[in-house]
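Participant: Input file: data-v2.cif. Contents: mmCIF, C-alpha atoms.
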data_coords
loop_
_atom_site.label_atom_id
_atom_site.label_comp_id
_atom_site.auth_asym_id
_atom_site.auth_seq_id
_atom_site.Cartn_x
_atom_site.Cartn_y
_atom_site.Cartn_z
CA MET A 1 0.00 0.00 0.00
CA VAL A 2 1.00 3.61 -0.50
CA ASP A 3 2.82 5.08 2.51
CA ILE A 4 0.50 7.64 4.13
CA THR A 5 2.31 7.94 7.46
CA HIS A 6 3.52 11.44 6.58
CA LYS A 7 0.02 12.79 5.91
CA ILE A 8 -2.16 14.69 8.36
CA SER A 9 -5.73 13.74 9.19
CA THR A 10 -8.47 15.96 7.79
CA LEU A 11 -12.21 15.61 7.32
CA ARG A 12 -12.72 13.42 4.25
CA THR A 13 -16.05 13.03 2.48
CA ALA A 14 -17.15 11.27 -0.68
CA THR A 15 -20.42 10.68 -2.49
CA ALA A 16 -20.84 7.90 -5.05
CA LYS A 17 -23.75 6.90 -7.22
CA ALA A 18 -24.86 3.58 -8.69
CA THR A 19 -27.90 2.98 -10.87
CA VAL A 20 -30.00 -0.16 -11.11
CA ILE A 21 -32.34 -0.40 -14.11
CA VAL A 22 -35.19 -2.90 -14.10
CA SER A 23 -37.29 -3.97 -17.08
CA LEU A 24 -40.78 -3.99 -15.56
CA GLN A 25 -42.91 -1.46 -13.75
CA ALA A 26 -44.11 -4.40 -11.67
CA THR A 27 -40.56 -4.75 -10.30
CA ILE A 28 -40.53 -1.11 -9.14
CA ASP A 29 -43.98 -1.60 -7.60
CA ALA A 30 -42.78 -4.68 -5.72
CA VAL A 31 -39.76 -2.77 -4.37
CA VAL A 32 -41.82 0.24 -3.28
CA ASN A 33 -44.60 -1.85 -1.72
CA ASN A 34 -42.22 -4.35 -0.07
CA LEU A 35 -43.60 -7.32 -2.01
CA VAL A 36 -40.32 -8.89 -3.16
CA PRO A 37 -40.18 -12.54 -2.00
CA LYS A 38 -36.62 -12.24 -0.67
CA GLY A 39 -37.54 -9.38 1.65
CA ASN A 40 -37.31 -5.60 1.90
CA VAL A 41 -34.98 -4.77 -0.96
CA LEU A 42 -34.13 -1.22 0.01
CA GLU A 43 -33.32 -2.03 3.64
CA MET A 44 -31.45 -5.26 2.88
CA ALA A 45 -29.36 -3.56 0.21
CA LYS A 46 -28.63 -0.64 2.52
CA THR A 47 -27.45 -3.02 5.25
CA ALA A 48 -25.18 -4.80 2.77
CA GLY A 49 -23.69 -1.45 1.76
CA LEU A 50 -22.99 -0.50 5.37
CA PHE A 51 -21.11 -3.74 5.89
CA ALA A 52 -19.26 -3.35 2.60
CA VAL A 53 -17.97 0.18 3.11
CA LYS A 54 -16.31 -0.79 6.41
CA ASN A 55 -14.57 -3.72 4.76
CA THR A 56 -13.39 -2.11 1.52
CA HIS A 57 -9.76 -2.85 2.37
CA LEU A 58 -10.54 -6.57 2.37
CA SER A 59 -11.66 -6.41 -1.27
CA ILE A 60 -9.41 -3.72 -2.79
CA PRO A 61 -5.73 -4.57 -2.14
CA ASP A 62 -4.35 -1.02 -2.10
CA CYS A 63 -7.05 0.43 0.16
CA HIS A 64 -6.07 1.18 3.73
CA PRO A 65 -8.20 -0.04 6.64
CA ILE A 66 -9.68 3.24 7.84
CA PRO A 67 -12.28 4.28 10.43
CA ILE A 68 -15.61 4.97 8.75
CA GLU A 69 -17.34 7.55 10.92
CA PHE A 70 -20.50 8.21 8.90
CA THR A 71 -22.36 6.47 6.10
CA SER A 72 -25.74 7.17 4.54
CA VAL A 73 -27.62 5.48 1.71
CA GLU A 74 -30.39 7.26 -0.18
CA TYR A 75 -32.54 6.10 -3.08
CA GLU A 76 -34.10 8.00 -5.96
CA ILE A 77 -36.60 6.11 -8.14
CA ASN A 78 -37.20 7.46 -11.64
CA GLU A 79 -39.47 5.35 -13.84
CA LEU A 80 -37.57 2.03 -14.20
CA SER A 81 -34.30 3.13 -12.60
CA ILE A 82 -33.21 3.21 -8.97
CA ASP A 83 -30.37 5.59 -8.19
CA ILE A 84 -28.28 4.76 -5.13
CA ILE A 85 -26.61 7.76 -3.46
CA PHE A 86 -23.89 6.63 -1.07
CA ASN A 87 -22.19 9.10 1.32
CA VAL A 88 -19.13 8.40 3.47
CA LYS A 89 -17.26 10.57 6.00
CA THR A 90 -14.19 10.11 8.14
CA VAL A 91 -11.37 12.08 9.72
CA TYR A 92 -8.24 10.39 8.46
CA LYS A 93 -5.10 10.66 6.32
CA THR A 94 -6.56 9.31 3.08
CA GLY A 95 -9.79 9.76 1.16
CA VAL A 96 -12.94 7.64 1.09
CA GLU A 97 -13.95 7.78 -2.57
CA VAL A 98 -13.23 4.09 -3.18
CA GLU A 99 -15.14 3.21 -0.01
CA ALA A 100 -18.15 5.18 -1.26
CA MET A 101 -18.02 3.53 -4.69
CA HIS A 102 -17.57 0.10 -3.15
CA GLY A 103 -20.55 0.64 -0.88
CA ALA A 104 -22.72 1.84 -3.76
CA SER A 105 -21.72 -1.13 -5.92
CA ILE A 106 -22.57 -3.65 -3.19
CA VAL A 107 -25.96 -2.00 -2.68
CA ALA A 108 -26.57 -2.37 -6.41
CA LEU A 109 -25.44 -6.01 -6.47
CA THR A 110 -27.62 -6.84 -3.48
CA MET A 111 -30.62 -5.31 -5.23
CA TYR A 112 -29.81 -7.34 -8.34
CA ASP A 113 -29.60 -10.53 -6.31
CA MET A 114 -32.91 -9.91 -4.58
CA LEU A 115 -34.79 -8.87 -7.71
CA LYS A 116 -33.53 -11.40 -10.23
CA PRO A 117 -36.22 -14.01 -9.32
CA ILE A 118 -38.94 -11.58 -10.48
CA ASP A 119 -37.08 -9.73 -13.24
CA LYS A 120 -34.58 -11.42 -15.57
CA ASN A 121 -33.40 -8.25 -17.31
CA ILE A 122 -31.96 -6.11 -14.54
CA GLU A 123 -28.96 -3.97 -15.36
CA ILE A 124 -26.42 -2.15 -13.18
CA SER A 125 -25.66 0.74 -15.48
CA THR A 126 -23.41 3.23 -13.72
CA ILE A 127 -21.12 3.37 -10.71
CA LYS A 128 -19.32 6.68 -10.39
CA LEU A 129 -17.90 9.20 -7.96
CA ILE A 130 -20.05 12.30 -7.61
CA SER A 131 -17.88 14.36 -5.29
CA LYS A 132 -15.08 14.21 -2.75
CA GLU A 133 -13.55 16.68 -0.31
CA GLY A 134 -10.69 16.76 2.15
CA GLY A 135 -6.95 16.39 1.96
CA LYS A 136 -4.44 18.47 0.06
CA SER A 137 -6.63 19.02 -3.01
CA SER A 138 -9.30 20.78 -0.95
CA PHE A 139 -6.93 23.26 0.68
CA LYS A 140 -5.03 24.70 -2.25
CA ASN A 141 -3.90 28.28 -1.88
CA ARG A 142 -3.49 30.31 -5.04
CA PHE A 143 -1.41 33.46 -5.21
CA PRO A 144 -0.91 35.96 -8.05
CA SER A 145 2.88 35.63 -7.73
CA ALA A 146 5.24 33.07 -6.24
CA ILE A 147 5.78 32.95 -2.48
CA THR A 148 9.49 33.40 -1.78
CA ALA A 149 11.50 32.00 1.11
CA ALA A 150 14.89 32.37 2.74
CA VAL A 151 16.22 29.25 4.48
CA PHE A 152 18.91 29.35 7.17
CA VAL A 153 20.69 26.41 8.77
CA CYS A 154 21.77 27.28 12.32
CA SER A 155 24.66 25.02 13.26
CA ASP A 156 28.16 25.69 14.53
CA SER A 157 29.42 22.31 13.31
CA ILE A 158 27.96 22.61 9.79
CA PHE A 159 29.16 26.23 9.54
CA ALA A 160 32.67 25.01 10.45
CA GLY A 161 32.49 22.33 7.77
CA ASP A 162 32.56 19.41 10.21
CA LYS A 163 29.15 18.11 9.13
CA GLU A 164 27.03 18.20 6.00
CA ASP A 165 23.68 19.95 5.98
CA ARG A 166 20.65 17.77 5.34
CA SER A 167 17.79 19.48 7.11
CA GLY A 168 18.11 22.73 5.15
CA LYS A 169 18.16 20.89 1.84
CA ILE A 170 15.05 18.92 2.82
CA ILE A 171 13.26 22.16 3.65
CA VAL A 172 14.17 23.61 0.25
CA GLU A 173 12.87 20.46 -1.45
CA LYS A 174 9.61 20.58 0.50
CA LEU A 175 9.15 24.24 -0.34
CA GLU A 176 9.58 23.51 -4.03
CA ILE A 177 6.91 20.81 -3.84
CA SER A 178 4.57 23.37 -2.26
CA GLY A 179 5.25 25.89 -5.03
CA VAL A 180 7.45 28.16 -2.90
CA GLU A 181 10.61 29.64 -4.44
CA THR A 182 13.71 29.60 -2.23
CA THR A 183 15.62 32.78 -3.03
CA HIS A 184 18.30 32.38 -0.37
CA TYR A 185 19.88 29.41 1.41
CA GLU A 186 22.67 29.91 3.94
CA ILE A 187 24.46 28.11 6.76
CA ILE A 188 25.09 30.33 9.77
CA PRO A 189 26.54 29.79 13.28
CA ASP A 190 24.43 29.57 16.43
CA GLU A 191 24.80 33.25 17.22
CA MET A 192 21.87 35.41 18.34
CA ASP A 193 23.05 38.56 16.61
CA VAL A 194 23.55 36.73 13.29
CA ILE A 195 20.10 35.13 13.48
CA GLN A 196 18.45 38.44 14.28
CA GLU A 197 20.33 40.32 11.55
CA ARG A 198 19.36 37.74 8.90
CA THR A 199 15.74 37.76 10.03
CA LYS A 200 15.34 41.54 9.82
CA ALA A 201 17.20 41.78 6.52
CA PHE A 202 15.47 38.99 4.63
CA ALA A 203 11.95 39.58 5.99
CA LYS A 204 11.90 42.73 3.86
CA GLU A 205 12.04 40.75 0.62
CA ASN A 206 10.64 37.29 1.44
CA GLN A 207 7.30 36.09 2.75
CA LEU A 208 8.87 33.07 4.47
CA ILE A 209 11.91 32.99 6.73
CA ILE A 210 12.75 29.48 7.90
CA PHE A 211 15.47 28.52 10.35
CA THR A 212 16.42 24.92 11.01
CA GLY A 213 18.50 24.13 14.07
CA GLY A 214 19.05 25.71 17.45
CA THR A 215 15.63 24.79 18.85
CA GLY A 216 16.84 22.21 21.38
CA LEU A 217 17.93 22.62 24.97
CA SER A 218 21.71 22.83 24.74
CA PRO A 219 23.47 26.09 25.73
CA ARG A 220 24.19 26.90 22.06
CA ASP A 221 20.57 26.42 20.97
CA VAL A 222 19.56 30.08 20.83
CA THR A 223 17.30 30.36 17.78
CA PRO A 224 14.06 30.83 19.80
CA GLN A 225 15.68 33.41 22.08
CA ALA A 226 16.91 35.32 19.04
CA LEU A 227 13.57 35.32 17.22
CA GLU A 228 11.07 35.89 20.03
CA PRO A 229 11.91 39.59 20.60
CA LEU A 230 11.53 40.26 16.87
CA LEU A 231 8.19 38.59 16.25
CA GLU A 232 5.16 40.85 16.21
CA THR A 233 2.58 38.08 16.51
CA ARG A 234 3.22 34.53 17.72
CA ILE A 235 1.14 31.79 16.09
CA PRO A 236 0.81 29.05 18.73
CA GLY A 237 -1.35 26.88 16.46
CA ILE A 238 1.52 26.32 14.03
CA GLU A 239 3.87 25.44 16.87
CA GLU A 240 1.31 23.05 18.37
CA ALA A 241 0.64 21.39 15.02
CA ILE A 242 4.34 20.72 14.47
CA ARG A 243 4.94 19.32 17.95
CA SER A 244 1.76 17.22 17.91
CA TYR A 245 2.64 15.73 14.52
CA GLY A 246 6.17 14.95 15.66
CA GLN A 247 5.11 13.53 19.00
CA GLN A 248 2.95 10.95 17.22
CA ARG A 249 6.06 9.70 15.46
CA MET A 250 8.89 10.22 17.95
CA PRO A 251 8.54 10.69 21.73
CA TYR A 252 11.29 13.30 22.02
CA SER A 253 9.49 15.87 19.85
CA MET A 254 8.01 17.45 22.98
CA LEU A 255 11.49 18.78 23.78
CA SER A 256 11.73 20.88 20.62
CA ARG A 257 11.21 24.62 20.99
CA THR A 258 9.61 25.28 17.63
CA VAL A 259 8.73 28.94 17.04
CA ALA A 260 6.27 30.50 14.59
CA GLY A 261 5.25 34.11 14.20
CA THR A 262 5.04 37.12 11.93
CA LEU A 263 7.40 39.98 11.24
CA GLY A 264 5.71 42.48 8.99
CA ASN A 265 4.19 40.50 6.13
CA SER A 266 6.58 37.58 6.63
CA LEU A 267 6.05 34.30 8.40
CA VAL A 268 9.07 33.29 10.47
CA LEU A 269 9.56 29.63 11.45
CA ALA A 270 12.19 28.02 13.65
CA LEU A 271 12.23 24.27 13.02
CA PRO A 272 14.31 21.42 14.50
CA GLY A 273 17.78 20.83 13.13
CA SER A 274 17.60 17.05 12.81
CA THR A 275 16.85 15.65 9.38
CA ASN A 276 13.69 13.87 10.49
CA GLY A 277 12.63 16.79 12.66
CA ALA A 278 12.84 19.21 9.75
CA LYS A 279 11.10 16.83 7.35
CA GLU A 280 8.26 16.04 9.75
CA SER A 281 7.80 19.70 10.65
CA MET A 282 7.38 20.57 6.99
CA ASP A 283 5.00 17.65 6.46
CA ALA A 284 2.95 18.79 9.45
CA ILE A 285 2.11 22.27 8.14
CA PHE A 286 2.81 22.52 4.41
CA PRO A 287 1.20 23.49 2.14
CA HIS A 288 -1.70 24.47 4.43
CA VAL A 289 0.32 27.03 6.38
CA LEU A 290 0.58 29.15 3.23
CA HIS A 291 -2.99 30.22 3.89
CA VAL A 292 -1.49 32.65 6.40
CA PHE A 293 -0.59 34.95 3.52
CA HIS A 294 -4.26 35.35 2.62
CA ILE A 295 -5.07 36.16 6.25
CA LEU A 296 -2.26 38.69 6.52
CA LYS A 297 -3.86 40.52 3.59
CA GLY A 298 -7.13 40.78 5.49
CA LYS A 299 -8.99 37.99 3.69
CA ASN A 300 -11.13 35.43 5.50
CA HIS A 301 -10.47 31.74 6.06
CA ASP A 302 -12.70 30.69 3.15
CA THR A 303 -10.35 32.32 0.63
CA LYS A 304 -8.17 29.85 -1.29
#
Is it possible to give me this structure as structure tokens?
Facilitator:
Amino acid sequence: MVDITHKISTLRTATAKATVIVSLQATIDAVVNNLVPKGNVLEMAKTAGLFAVKNTHLSIPDCHPIPIEFTSVEYEINELSIDIIFNVKTVYKTGVEVEAMHGASIVALTMYDMLKPIDKNIEISTIKLISKEGGKSSFKNRFPSAITAAVFVCSDSIFAGDKEDRSGKIIVEKLEISGVETTHYEIIPDEMDVIQERTKAFAKENQLIIFTGGTGLSPRDVTPQALEPLLETRIPGIEEAIRSYGQQRMPYSMLSRTVAGTLGNSLVLALPGSTNGAKESMDAIFPHVLHVFHILKGKNHDTK
């Protein structure tokens, strides 16, 4: 199965439709009036669909076993056709469109099985996805021009050439995936005055200022102390999201002093210096965090 461990959970919804076409008005009458010998077709088929949607992963090899938190089945009868409208919701890392289509198809097959003794010409004509929401595709932020970023690696050892930078390069790669242009990348020592100077200088030209490193608890980890006096507005939600995401994957994440806030029209982030810490921090908030640039312009949260 596809690795989804890096994804965040969001509300996921999907609606699928299947259509059963019968050949006789008498068949529709039997369904509506509950006269089918095998039982109540609409209720039996609905029950089969509810079982099916929760077990999609047992039938479709690449589907993940996921918690199904809401399902509804509705019917629309038009002349000789019965439309099945199947809705699914969950809060999880991956979507539920296949679950909705699987549920709708099993409802249709159950109806076929129950009706075939009284109608030999039943057809399942269409199974299709009507809509889906949630995940990255539902939270795209569009901007008239590219968002630009400056990335700084805070590390005495990397600055001295004793170690190779990995976290900064991962951040640059993640930014590119999110459509953000990195205009400046630099390795600097763990010095408060250098961090503050770079922040004030590059916030004038870039919407994003990202530091990696110096957020731990050692005496030389001074990135938070350097940034906090400069920030005009702290954004605790970003900090909480990063730590919560990391804590679910590694128990030491609670010790990181991640910082997020604004300086003018720029978003300033201080992320962990470890390779995994930087990667997971970016996974936790990108690309959704880019919505901050709409808010800073006075737009509401519905703007994308």
Participant: For the file shown, report as a VMD selection string the outcome of the PyMOL selection byres ((chain A and resi 273) around 6) at residue level.
Facilitator: chain A and resid 212 to 213 272 274
Participant: Go ahead and save the residues from that selection, with C-alpha atoms, as a PDB file, in the frame of the given file.
Facilitator:
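Saved to part.pdb:
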ATOM      1  CA  THR A 212      16.420  24.920  11.010  1.00  0.00           C
ATOM      2  CA  GLY A 213      18.500  24.130  14.070  1.00  0.00           C
ATOM      3  CA  PRO A 272      14.310  21.420  14.500  1.00  0.00           C
ATOM      4  CA  SER A 274      17.600  17.050  12.810  1.00  0.00           C
TER       5      SER A 274
END
Participant: Which residue gives the smallest distance to Arg166 (chain A) among A:Met1, A:Ile187, A:Gly134, A:Gln225, with all atoms listed in the file counted?
Facilitator: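 Closest to Arg166 (chain A), using all atoms listed in the file: A:Ile187.
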Participant: Rank A:Tyr252, A:Phe143, A:Tyr245, A:Phe152 by their smallest atom-to-atom distance to Val268 (chain A), using only C-alpha atoms, and report the top residue only.
Facilitator: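 Nearest candidate to Val268 (chain A) out of A:Tyr252, A:Phe143, A:Tyr245, A:Phe152: A:Phe152.
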Participant: Assuming the chain letters and numbering stay as they are in my file, what does the PyMOL selection byres ((chain A and resi 39-50) around 12) actually select? List them as a PyMOL selection string.
Facilitator: chain A and resi 16+18+20+27-38+51-56+68-77+82-88+99-117
Participant: Quote the spacing between CA of Leu217 (chain A) and CA of Asp283 (chain A) in Å to one decimal place.
Facilitator: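 Going from CA of Leu217 (chain A) over to CA of Asp283 (chain A), I get 23.1 Å.
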Participant: Nearest to Thr233 (chain A): which of A:Ala150, A:Gly264, A:Leu24, A:Glu280 is it, counting all atoms listed in the file?
Facilitator: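 Using all atoms listed in the file, the shortest distance to Thr233 (chain A) belongs to A:Gly264.
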Participant: Distance CA of Ser266 (chain A)-CA of Lys204 (chain A), one decimal place?
Facilitator: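 So the two atoms, CA of Ser266 (chain A) and CA of Lys204 (chain A), lie 7.9 Å apart.
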Participant: One number please: CA of Gln207 (chain A) to CA of Asn265 (chain A), in Å, one decimal.
Facilitator: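 Answer for the CA of Gln207 (chain A) to CA of Asn265 (chain A) separation: 6.4 Å.
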Participant: As a check of understanding, name the residues that the PyMOL selection byres ((chain A and resi 167) around 12) selects in the supplied structure, as a short mmCIF file (atom, residue, chain, number, x, y, z; two decimals) with C-alpha atoms, in the frame of the given file.
Facilitator:
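out30.cif, freshly written:
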data_model
loop_
_atom_site.label_atom_id
_atom_site.label_comp_id
_atom_site.auth_asym_id
_atom_site.auth_seq_id
_atom_site.Cartn_x
_atom_site.Cartn_y
_atom_site.Cartn_z
CA VAL A 151 16.22 29.25 4.48
CA PHE A 152 18.91 29.35 7.17
CA VAL A 153 20.69 26.41 8.77
CA CYS A 154 21.77 27.28 12.32
CA SER A 155 24.66 25.02 13.26
CA ILE A 158 27.96 22.61 9.79
CA LYS A 163 29.15 18.11 9.13
CA GLU A 164 27.03 18.20 6.00
CA ASP A 165 23.68 19.95 5.98
CA ARG A 166 20.65 17.77 5.34
CA GLY A 168 18.11 22.73 5.15
CA LYS A 169 18.16 20.89 1.84
CA ILE A 170 15.05 18.92 2.82
CA ILE A 171 13.26 22.16 3.65
CA VAL A 172 14.17 23.61 0.25
CA GLU A 173 12.87 20.46 -1.45
CA LYS A 174 9.61 20.58 0.50
CA TYR A 185 19.88 29.41 1.41
CA GLU A 186 22.67 29.91 3.94
CA ILE A 187 24.46 28.11 6.76
CA ILE A 210 12.75 29.48 7.90
CA PHE A 211 15.47 28.52 10.35
CA THR A 212 16.42 24.92 11.01
CA GLY A 213 18.50 24.13 14.07
CA LEU A 271 12.23 24.27 13.02
CA PRO A 272 14.31 21.42 14.50
CA GLY A 273 17.78 20.83 13.13
CA SER A 274 17.60 17.05 12.81
CA THR A 275 16.85 15.65 9.38
CA ASN A 276 13.69 13.87 10.49
CA GLY A 277 12.63 16.79 12.66
CA ALA A 278 12.84 19.21 9.75
CA LYS A 279 11.10 16.83 7.35
CA GLU A 280 8.26 16.04 9.75
CA SER A 281 7.80 19.70 10.65
CA MET A 282 7.38 20.57 6.99
#
Participant: For each of A:Ser145, A:Thr13, A:Gln248, A:Asn78, take the minimum atom-to-atom distance to Lys132 (chain A), counting only C-alpha atoms, then give the residue where this is smallest.
Facilitator: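 Ranking A:Ser145, A:Thr13, A:Gln248, A:Asn78 by distance to Lys132 (chain A), first place goes to A:Thr13.
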Participant: Which is closer to Val98 (chain A) than all the others in A:Val292, A:Ala14, A:Ile177, A:Ala201, using all atoms listed in the file?
Facilitator: A:Ala14
Participant: Please determine, counting only C-alpha atoms, which residue among A:Gln25, A:Thr15, A:Glu232, A:Ser9 has the shortest atom-to-atom distance to Ile127 (chain A).
Facilitator: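 Closest to Ile127 (chain A), using only C-alpha atoms: A:Thr15.
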Participant: Give me the box for region 148-162 of chain A as JSON, namely the centre and edge lengths in Å to one decimal of a box along x, y and z that holds every listed atom plus 6 Å on each side.
Facilitator:
{"center_x": 21.1, "center_y": 26.4, "center_z": 6.4, "size_x": 35.2, "size_y": 26.0, "size_z": 28.3}
